[in-house]
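Text of final.txt, listed as compact mmCIF, C-alpha atoms:
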```txt
# COMPACT_ATOMS: atom_id res chain seq x y z
CA MET A 12 -114.07 23.45 -97.02
CA ILE A 13 -114.83 20.21 -95.15
CA LYS A 14 -112.80 17.30 -96.51
CA VAL A 15 -114.55 13.92 -96.41
CA ILE A 16 -113.41 10.31 -96.69
CA LEU A 17 -116.37 8.28 -97.96
CA HIS A 18 -116.30 4.77 -96.50
CA GLY A 19 -118.34 2.45 -98.73
CA CYS A 20 -118.18 4.82 -101.67
CA ASN A 21 -119.23 2.37 -104.39
CA GLY A 22 -122.45 1.17 -102.76
CA LYS A 23 -125.82 2.69 -103.63
CA MET A 24 -125.75 5.08 -100.70
CA GLY A 25 -122.09 5.93 -101.29
CA GLN A 26 -122.87 6.87 -104.87
CA MET A 27 -125.76 9.02 -103.66
CA VAL A 28 -123.49 10.84 -101.19
CA THR A 29 -120.95 11.41 -103.98
CA GLU A 30 -123.63 12.93 -106.21
CA LEU A 31 -124.97 15.24 -103.51
CA CYS A 32 -121.51 16.32 -102.32
CA SER A 33 -120.70 17.41 -105.88
CA GLN A 34 -123.48 19.99 -105.47
CA GLU A 35 -122.19 21.30 -102.14
CA GLU A 36 -119.92 24.34 -102.02
CA ASP A 37 -118.42 23.65 -98.59
CA VAL A 38 -117.98 19.84 -98.68
CA LYS A 39 -115.55 17.83 -100.81
CA ILE A 40 -114.89 14.08 -100.93
CA VAL A 41 -111.11 13.68 -101.03
CA ALA A 42 -110.95 9.86 -100.93
CA GLY A 43 -113.17 6.81 -101.04
CA ILE A 44 -112.88 3.39 -99.40
CA ASP A 45 -114.49 0.29 -100.86
CA ALA A 46 -113.72 -3.41 -101.24
CA VAL A 47 -114.86 -3.02 -104.85
CA HIS A 48 -111.77 -1.13 -105.96
CA HIS A 49 -112.94 1.25 -108.63
CA GLY A 50 -114.12 4.82 -108.77
CA ALA A 51 -115.66 7.39 -111.07
CA GLY A 52 -112.43 9.38 -111.16
CA GLU A 53 -113.70 12.16 -108.90
CA TYR A 54 -111.43 10.98 -106.07
CA PRO A 55 -109.01 8.10 -105.40
CA VAL A 56 -110.50 4.86 -104.04
CA TYR A 57 -108.68 2.51 -101.65
CA ARG A 58 -109.53 -1.05 -100.66
CA ASP A 59 -108.57 -0.46 -97.03
CA ILE A 60 -108.92 2.77 -95.06
CA PHE A 61 -105.45 2.32 -93.55
CA TYR A 62 -104.01 2.46 -97.10
CA CYS A 63 -105.40 5.98 -97.47
CA ASN A 64 -102.79 8.68 -96.79
CA ILE A 65 -105.09 11.61 -97.58
CA ALA A 66 -106.01 13.81 -94.63
CA ALA A 67 -109.68 14.54 -94.01
CA ASP A 68 -111.89 16.35 -91.50
CA VAL A 69 -114.53 13.63 -91.23
CA VAL A 70 -115.47 10.15 -92.45
CA ILE A 71 -118.96 9.36 -93.76
CA ASP A 72 -119.66 5.64 -93.49
CA PHE A 73 -122.22 3.74 -95.59
CA SER A 74 -120.53 0.34 -95.67
CA ASN A 75 -121.45 -2.87 -93.82
CA ALA A 76 -121.13 -4.21 -90.30
CA ALA A 77 -118.08 -6.33 -91.16
CA ALA A 78 -116.10 -3.19 -92.07
CA VAL A 79 -116.99 -1.11 -89.03
CA ASP A 80 -114.40 -2.49 -86.59
CA ARG A 81 -111.48 -1.48 -88.79
CA LEU A 82 -113.10 1.88 -89.45
CA LEU A 83 -113.34 2.55 -85.72
CA ASP A 84 -109.67 1.61 -85.29
CA TYR A 85 -108.74 4.15 -87.97
CA CYS A 86 -110.88 6.97 -86.56
CA VAL A 87 -109.50 6.44 -83.06
CA GLU A 88 -105.88 6.28 -84.25
CA LYS A 89 -106.17 9.32 -86.54
CA LYS A 90 -108.62 11.20 -84.28
CA VAL A 91 -110.95 11.72 -87.23
CA PRO A 92 -114.67 12.27 -86.52
CA CYS A 93 -117.06 9.82 -88.19
CA VAL A 94 -120.70 9.80 -89.26
CA LEU A 95 -121.58 6.14 -88.78
CA CYS A 96 -124.53 5.26 -91.01
CA THR A 97 -124.03 1.49 -91.24
CA THR A 98 -126.87 -0.48 -89.65
CA GLY A 99 -127.13 -4.00 -88.27
CA LEU A 100 -124.27 -3.67 -85.78
CA ALA A 101 -123.90 -6.41 -83.18
CA GLU A 102 -124.11 -5.49 -79.51
CA GLU A 103 -120.35 -5.99 -79.19
CA GLN A 104 -119.81 -3.47 -81.99
CA LEU A 105 -122.14 -0.99 -80.34
CA ASP A 106 -119.98 -1.32 -77.24
CA ARG A 107 -116.93 -0.56 -79.40
CA VAL A 108 -118.69 2.50 -80.80
CA ARG A 109 -119.33 3.81 -77.29
CA GLU A 110 -115.74 3.12 -76.29
CA ALA A 111 -114.32 4.75 -79.44
CA SER A 112 -116.45 7.85 -78.85
CA LYS A 113 -114.39 8.54 -75.74
CA LYS A 114 -111.41 9.21 -78.02
CA THR A 115 -112.95 10.78 -81.12
CA ALA A 116 -116.26 12.29 -82.23
CA LEU A 117 -118.78 9.75 -83.55
CA LEU A 118 -122.31 10.41 -84.76
CA ARG A 119 -124.76 7.53 -84.99
CA SER A 120 -128.55 7.52 -85.32
CA ALA A 121 -131.14 4.85 -86.14
CA ASN A 122 -132.29 7.09 -88.99
CA MET A 123 -130.21 9.76 -90.71
CA THR A 124 -133.03 11.94 -92.03
CA LEU A 125 -133.67 15.31 -90.46
CA GLY A 126 -137.41 14.69 -90.75
CA VAL A 127 -137.48 11.50 -88.68
CA ASN A 128 -135.29 13.00 -85.99
CA LEU A 129 -137.51 16.06 -85.78
CA LEU A 130 -140.48 13.68 -85.56
CA MET A 131 -138.85 12.04 -82.53
CA LYS A 132 -138.80 15.37 -80.74
CA VAL A 133 -142.46 15.99 -81.57
CA LEU A 134 -143.49 12.51 -80.39
CA LYS A 135 -142.08 13.14 -76.92
CA GLU A 136 -144.52 16.01 -76.46
CA ALA A 137 -147.37 14.16 -78.14
CA VAL A 138 -147.18 11.00 -76.03
CA ALA A 139 -146.79 13.00 -72.82
CA ALA A 140 -150.05 14.82 -73.59
CA LEU A 141 -152.09 12.08 -75.26
CA ALA A 142 -151.22 8.87 -73.40
CA PRO A 143 -152.55 10.13 -70.02
CA ALA A 144 -155.74 11.13 -71.89
CA GLY A 145 -156.31 7.51 -72.85
CA PHE A 146 -154.95 7.45 -76.41
CA ASP A 147 -153.61 4.11 -77.68
CA VAL A 148 -150.34 4.21 -79.65
CA GLU A 149 -149.59 2.15 -82.75
CA ILE A 150 -146.74 2.32 -85.27
CA VAL A 151 -147.07 1.09 -88.86
CA GLU A 152 -143.90 0.97 -90.97
CA LYS A 153 -143.66 0.11 -94.67
CA HIS A 154 -140.56 -0.79 -96.70
CA HIS A 155 -139.58 -2.41 -99.99
CA ASN A 156 -139.73 -6.15 -100.53
CA GLN A 157 -135.94 -6.54 -100.33
CA LYS A 158 -135.68 -5.43 -96.70
CA VAL A 159 -134.82 -8.48 -94.58
CA ASP A 160 -135.40 -7.18 -91.04
CA ALA A 161 -138.70 -6.29 -89.39
CA PRO A 162 -139.71 -4.11 -87.75
CA SER A 163 -137.41 -1.38 -88.99
CA GLY A 164 -134.79 0.17 -86.76
CA THR A 165 -136.53 3.50 -87.22
CA ALA A 166 -139.85 2.09 -85.97
CA ILE A 167 -138.12 0.76 -82.87
CA ALA A 168 -136.39 4.11 -82.35
CA LEU A 169 -139.73 5.95 -82.56
CA ALA A 170 -141.21 3.52 -80.03
CA ASP A 171 -138.20 3.87 -77.74
CA VAL A 172 -138.46 7.66 -77.70
CA MET A 173 -142.07 7.50 -76.55
CA ASN A 174 -141.46 4.68 -74.09
CA GLU A 175 -138.60 6.57 -72.47
CA GLU A 176 -140.80 9.65 -72.18
CA MET A 177 -143.41 7.52 -70.38
CA GLY A 178 -140.90 5.93 -68.02
CA GLY A 179 -140.87 2.54 -69.74
CA ALA A 180 -144.61 1.97 -69.30
CA TYR A 181 -145.19 0.40 -72.71
CA GLU A 182 -144.85 -3.22 -73.82
CA TYR A 183 -144.08 -3.66 -77.52
CA VAL A 184 -146.47 -5.99 -79.34
CA TYR A 185 -145.57 -7.19 -82.84
CA ASP A 186 -148.24 -9.85 -83.44
CA ARG A 187 -151.73 -10.31 -82.00
CA SER A 188 -152.71 -13.35 -84.06
CA TRP A 189 -151.75 -15.83 -81.34
CA VAL A 190 -154.05 -14.52 -78.62
CA ARG A 191 -157.72 -13.54 -78.41
CA GLN A 192 -158.10 -10.70 -75.95
CA LYS A 193 -158.75 -6.99 -75.80
CA ARG A 194 -155.90 -4.57 -76.34
CA ASP A 195 -154.07 -3.77 -73.11
CA LYS A 196 -153.54 -0.08 -72.37
CA LYS A 197 -149.84 -0.74 -71.88
CA GLU A 198 -149.42 -2.09 -75.41
CA LEU A 199 -147.53 -0.21 -78.08
CA GLY A 200 -148.22 -2.02 -81.32
CA ILE A 201 -145.63 -2.12 -84.11
CA SER A 202 -146.64 -3.49 -87.53
CA ALA A 203 -144.44 -4.07 -90.59
CA VAL A 204 -145.47 -4.02 -94.26
CA ARG A 205 -143.13 -5.23 -97.02
CA GLY A 206 -143.80 -4.68 -100.71
CA GLY A 207 -142.71 -3.16 -103.99
CA THR A 208 -140.13 -0.39 -103.90
CA ILE A 209 -141.33 1.56 -100.85
CA VAL A 210 -138.29 3.47 -99.62
CA GLY A 211 -139.56 3.98 -96.09
CA ASP A 212 -142.91 5.02 -94.57
CA HIS A 213 -143.59 5.43 -90.85
CA ASP A 214 -146.95 6.30 -89.29
CA VAL A 215 -147.36 6.85 -85.55
CA ILE A 216 -151.06 6.62 -84.68
CA PHE A 217 -152.63 8.01 -81.51
CA ALA A 218 -156.13 6.54 -81.35
CA GLY A 219 -158.48 8.02 -78.74
CA ALA A 220 -162.21 8.11 -78.14
CA ASP A 221 -163.78 9.48 -81.33
CA GLU A 222 -160.56 11.01 -82.65
CA VAL A 223 -157.30 9.86 -84.22
CA ILE A 224 -154.06 11.80 -84.62
CA THR A 225 -151.41 10.44 -87.00
CA PHE A 226 -147.82 11.62 -87.38
CA SER A 227 -146.27 10.47 -90.66
CA HIS A 228 -142.90 10.48 -92.36
CA ARG A 229 -142.41 9.45 -96.00
CA ALA A 230 -139.04 8.92 -97.64
CA TYR A 231 -139.42 9.13 -101.43
CA SER A 232 -135.80 8.41 -102.26
CA LYS A 233 -132.58 7.32 -100.57
CA GLY A 234 -131.32 10.83 -101.16
CA VAL A 235 -132.84 11.98 -97.86
CA PHE A 236 -130.53 9.64 -95.95
CA ALA A 237 -127.49 10.84 -97.88
CA LYS A 238 -128.47 14.48 -97.35
CA GLY A 239 -128.81 13.87 -93.62
CA ALA A 240 -125.37 12.25 -93.51
CA ILE A 241 -123.83 15.26 -95.21
CA GLN A 242 -125.51 17.63 -92.75
CA ALA A 243 -124.19 15.44 -89.94
CA ALA A 244 -120.67 15.60 -91.39
CA LYS A 245 -120.79 19.39 -91.44
CA PHE A 246 -121.92 19.36 -87.81
CA ILE A 247 -119.41 16.87 -86.40
CA ALA A 248 -116.26 18.10 -88.19
CA GLY A 249 -114.07 19.66 -85.53
CA LYS A 250 -116.21 18.48 -82.61
CA PRO A 251 -114.55 17.06 -79.47
CA ALA A 252 -114.73 13.35 -78.64
CA GLY A 253 -118.20 12.13 -77.80
CA LEU A 254 -121.18 10.19 -79.10
CA TYR A 255 -123.56 12.42 -81.05
CA THR A 256 -126.92 11.84 -82.76
CA MET A 257 -129.00 13.58 -85.41
CA SER A 258 -130.90 15.25 -82.59
CA ASP A 259 -127.72 17.23 -81.91
CA VAL A 260 -127.65 18.28 -85.58
CA ILE A 261 -131.25 19.51 -85.40
CA GLU A 262 -130.67 21.44 -82.17
CA ASN A 263 -127.62 23.08 -83.76
CA ARG A 264 -129.83 24.32 -86.64
CA GLU A 265 -132.46 25.85 -84.37
```
Kindly transcribe the structure held in the file into structure tokens.
Amino acid sequence: MIKVILHGCNGKMGQMVTELCSQEEDVKIVAGIDAVHHGAGEYPVYRDIFYCNIAADVVIDFSNAAAVDRLLDYCVEKKVPCVLCTTGLAEEQLDRVREASKKTALLRSANMTLGVNLLMKVLKEAVAALAPAGFDVEIVEKHHNQKVDAPSGTAIALADVMNEEMGGAYEYVYDRSWVRQKRDKKELGISAVRGGTIVGDHDVIFAGADEVITFSHRAYSKGVFAKGAIQAAKFIAGKPAGLYTMSDVIENRE
């Protein structure tokens, strides 16, 4: 049985993780951490992770950037692995994540779904075959009207995977309204759509002469992110210090 401390347990994603863990036979949440100090009674909830005296095998984090520094201090001191799902970290915090990973196991990915991370692997092969054949690459991402950042971190991660495969040949273009010229072959266009309650759609379009190939991922609920985090927790529990990603989880399943 893998024992989990859920950091940010009373947020929407924390509640989703709680619900899904209740259906798992080999994972149990033993404590929750949240500034909003209440719980459903399934496990004790603490305002501060250092107040928690319950031992666990791994921490799943769906909190906010302001809480991450103290979380990293705890994981390093207690040598507890952590699945870090909080987004919007500053560059200084990312440096702290890398430093902390030298002392305990940390898993962080731009997107926690198994599907998106499998898509990243597929895109490496696709761009290597299609770009030299003259295919243009465009990414279109769609999210709900409450999302404040654009483009999404996942869209950037998809672009980065392909750009790294091509040796950094691409230049990201987010807006073509300010210039009147033909599309450059080195462009990788990234477009953002915001509306309604779209959970998260990502299309990667390879447009060639007389043919178009599109790779798509659709998230229909936030449950896919929670499920990915739980799979990551199962993977990282007991792992040695290091910085892991969801790609490691997928490779472990193959």
Of the candidates A:Ala240, A:Ile201, A:Leu129, A:Ala168, which shows the shortest atom-to-atom distance to A:His228, using all atoms listed in the file?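 Nearest candidate to A:His228 out of A:Ala240, A:Ile201, A:Leu129, A:Ala168: A:Leu129.
In terms of minimum interatomic distance to A:Met24, A:Cys96 ranks closest within A:Arg109, A:Val260, A:Lys193, A:Cys96, counting only C-alpha atoms.
The interatomic distance for the pair atom CA of A:Val79 and atom CA of A:Glu175 works out to 28.3 Å.
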Give me, please, the distance in Å between atom CA of A:Asp37 and atom CA of A:Ile71, quoted to one decimal.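 Distance reported for this atom pair: 15.1 Å.
Here atom CA of A:Ile16 and atom CA of A:Asp68 stand 8.1 Å from one another.
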Env of A:Lys158: 12 Å cut, atoms = all atoms listed in the file, seq-sep filter 6 positions within chain, self excluded. Answer as a PyMOL selection string. chain A and resi 152+164+203-211
Nearest to A:Arg81: which of A:Val215, A:Gly43, A:His18, A:Ala101 is it, counting only C-alpha atoms? A:His18
Please provide the set of residues having any atom within 8 Å of A:Cys93, restricted to all atoms listed in the file, with same-chain residues fewer than 3 positions apart removed, written as a ChimeraX atom specification. /A:69-72,86,116-118,244,247
Go through A:Val47, A:Met257, A:Met123, A:Val38 and flag the residue nearest A:Gly22, using all atoms listed in the file for the distances.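 Among the listed residues, the smallest separation from A:Gly22 belongs to A:Val47.
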Could you pull out every residue with an atom within 10 Å of (-144.6, 14.5, -85.1), file coordinates, counting only C-alpha atoms, and send them as a list in words?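 Looking at atoms near the point gives Gly126, Val127, Asn128, Leu129, Leu130, Met131, Lys132, Val133, Leu134, Lys135, Glu136, Ala137, Asp214, Val215, Ile224, Thr225, Phe226, Ser227 and His228 of chain A.
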Of the candidates A:Glu198, A:Glu30, A:Asp221, A:Glu36, which shows the shortest atom-to-atom distance to A:Glu149, using all atoms listed in the file? A:Glu198
Could you list as a count of residues only every residue that has an atom within 10 Å of (-112.1, 1.5, -91.6), using the file's coordinates and counting only C-alpha atoms? 23
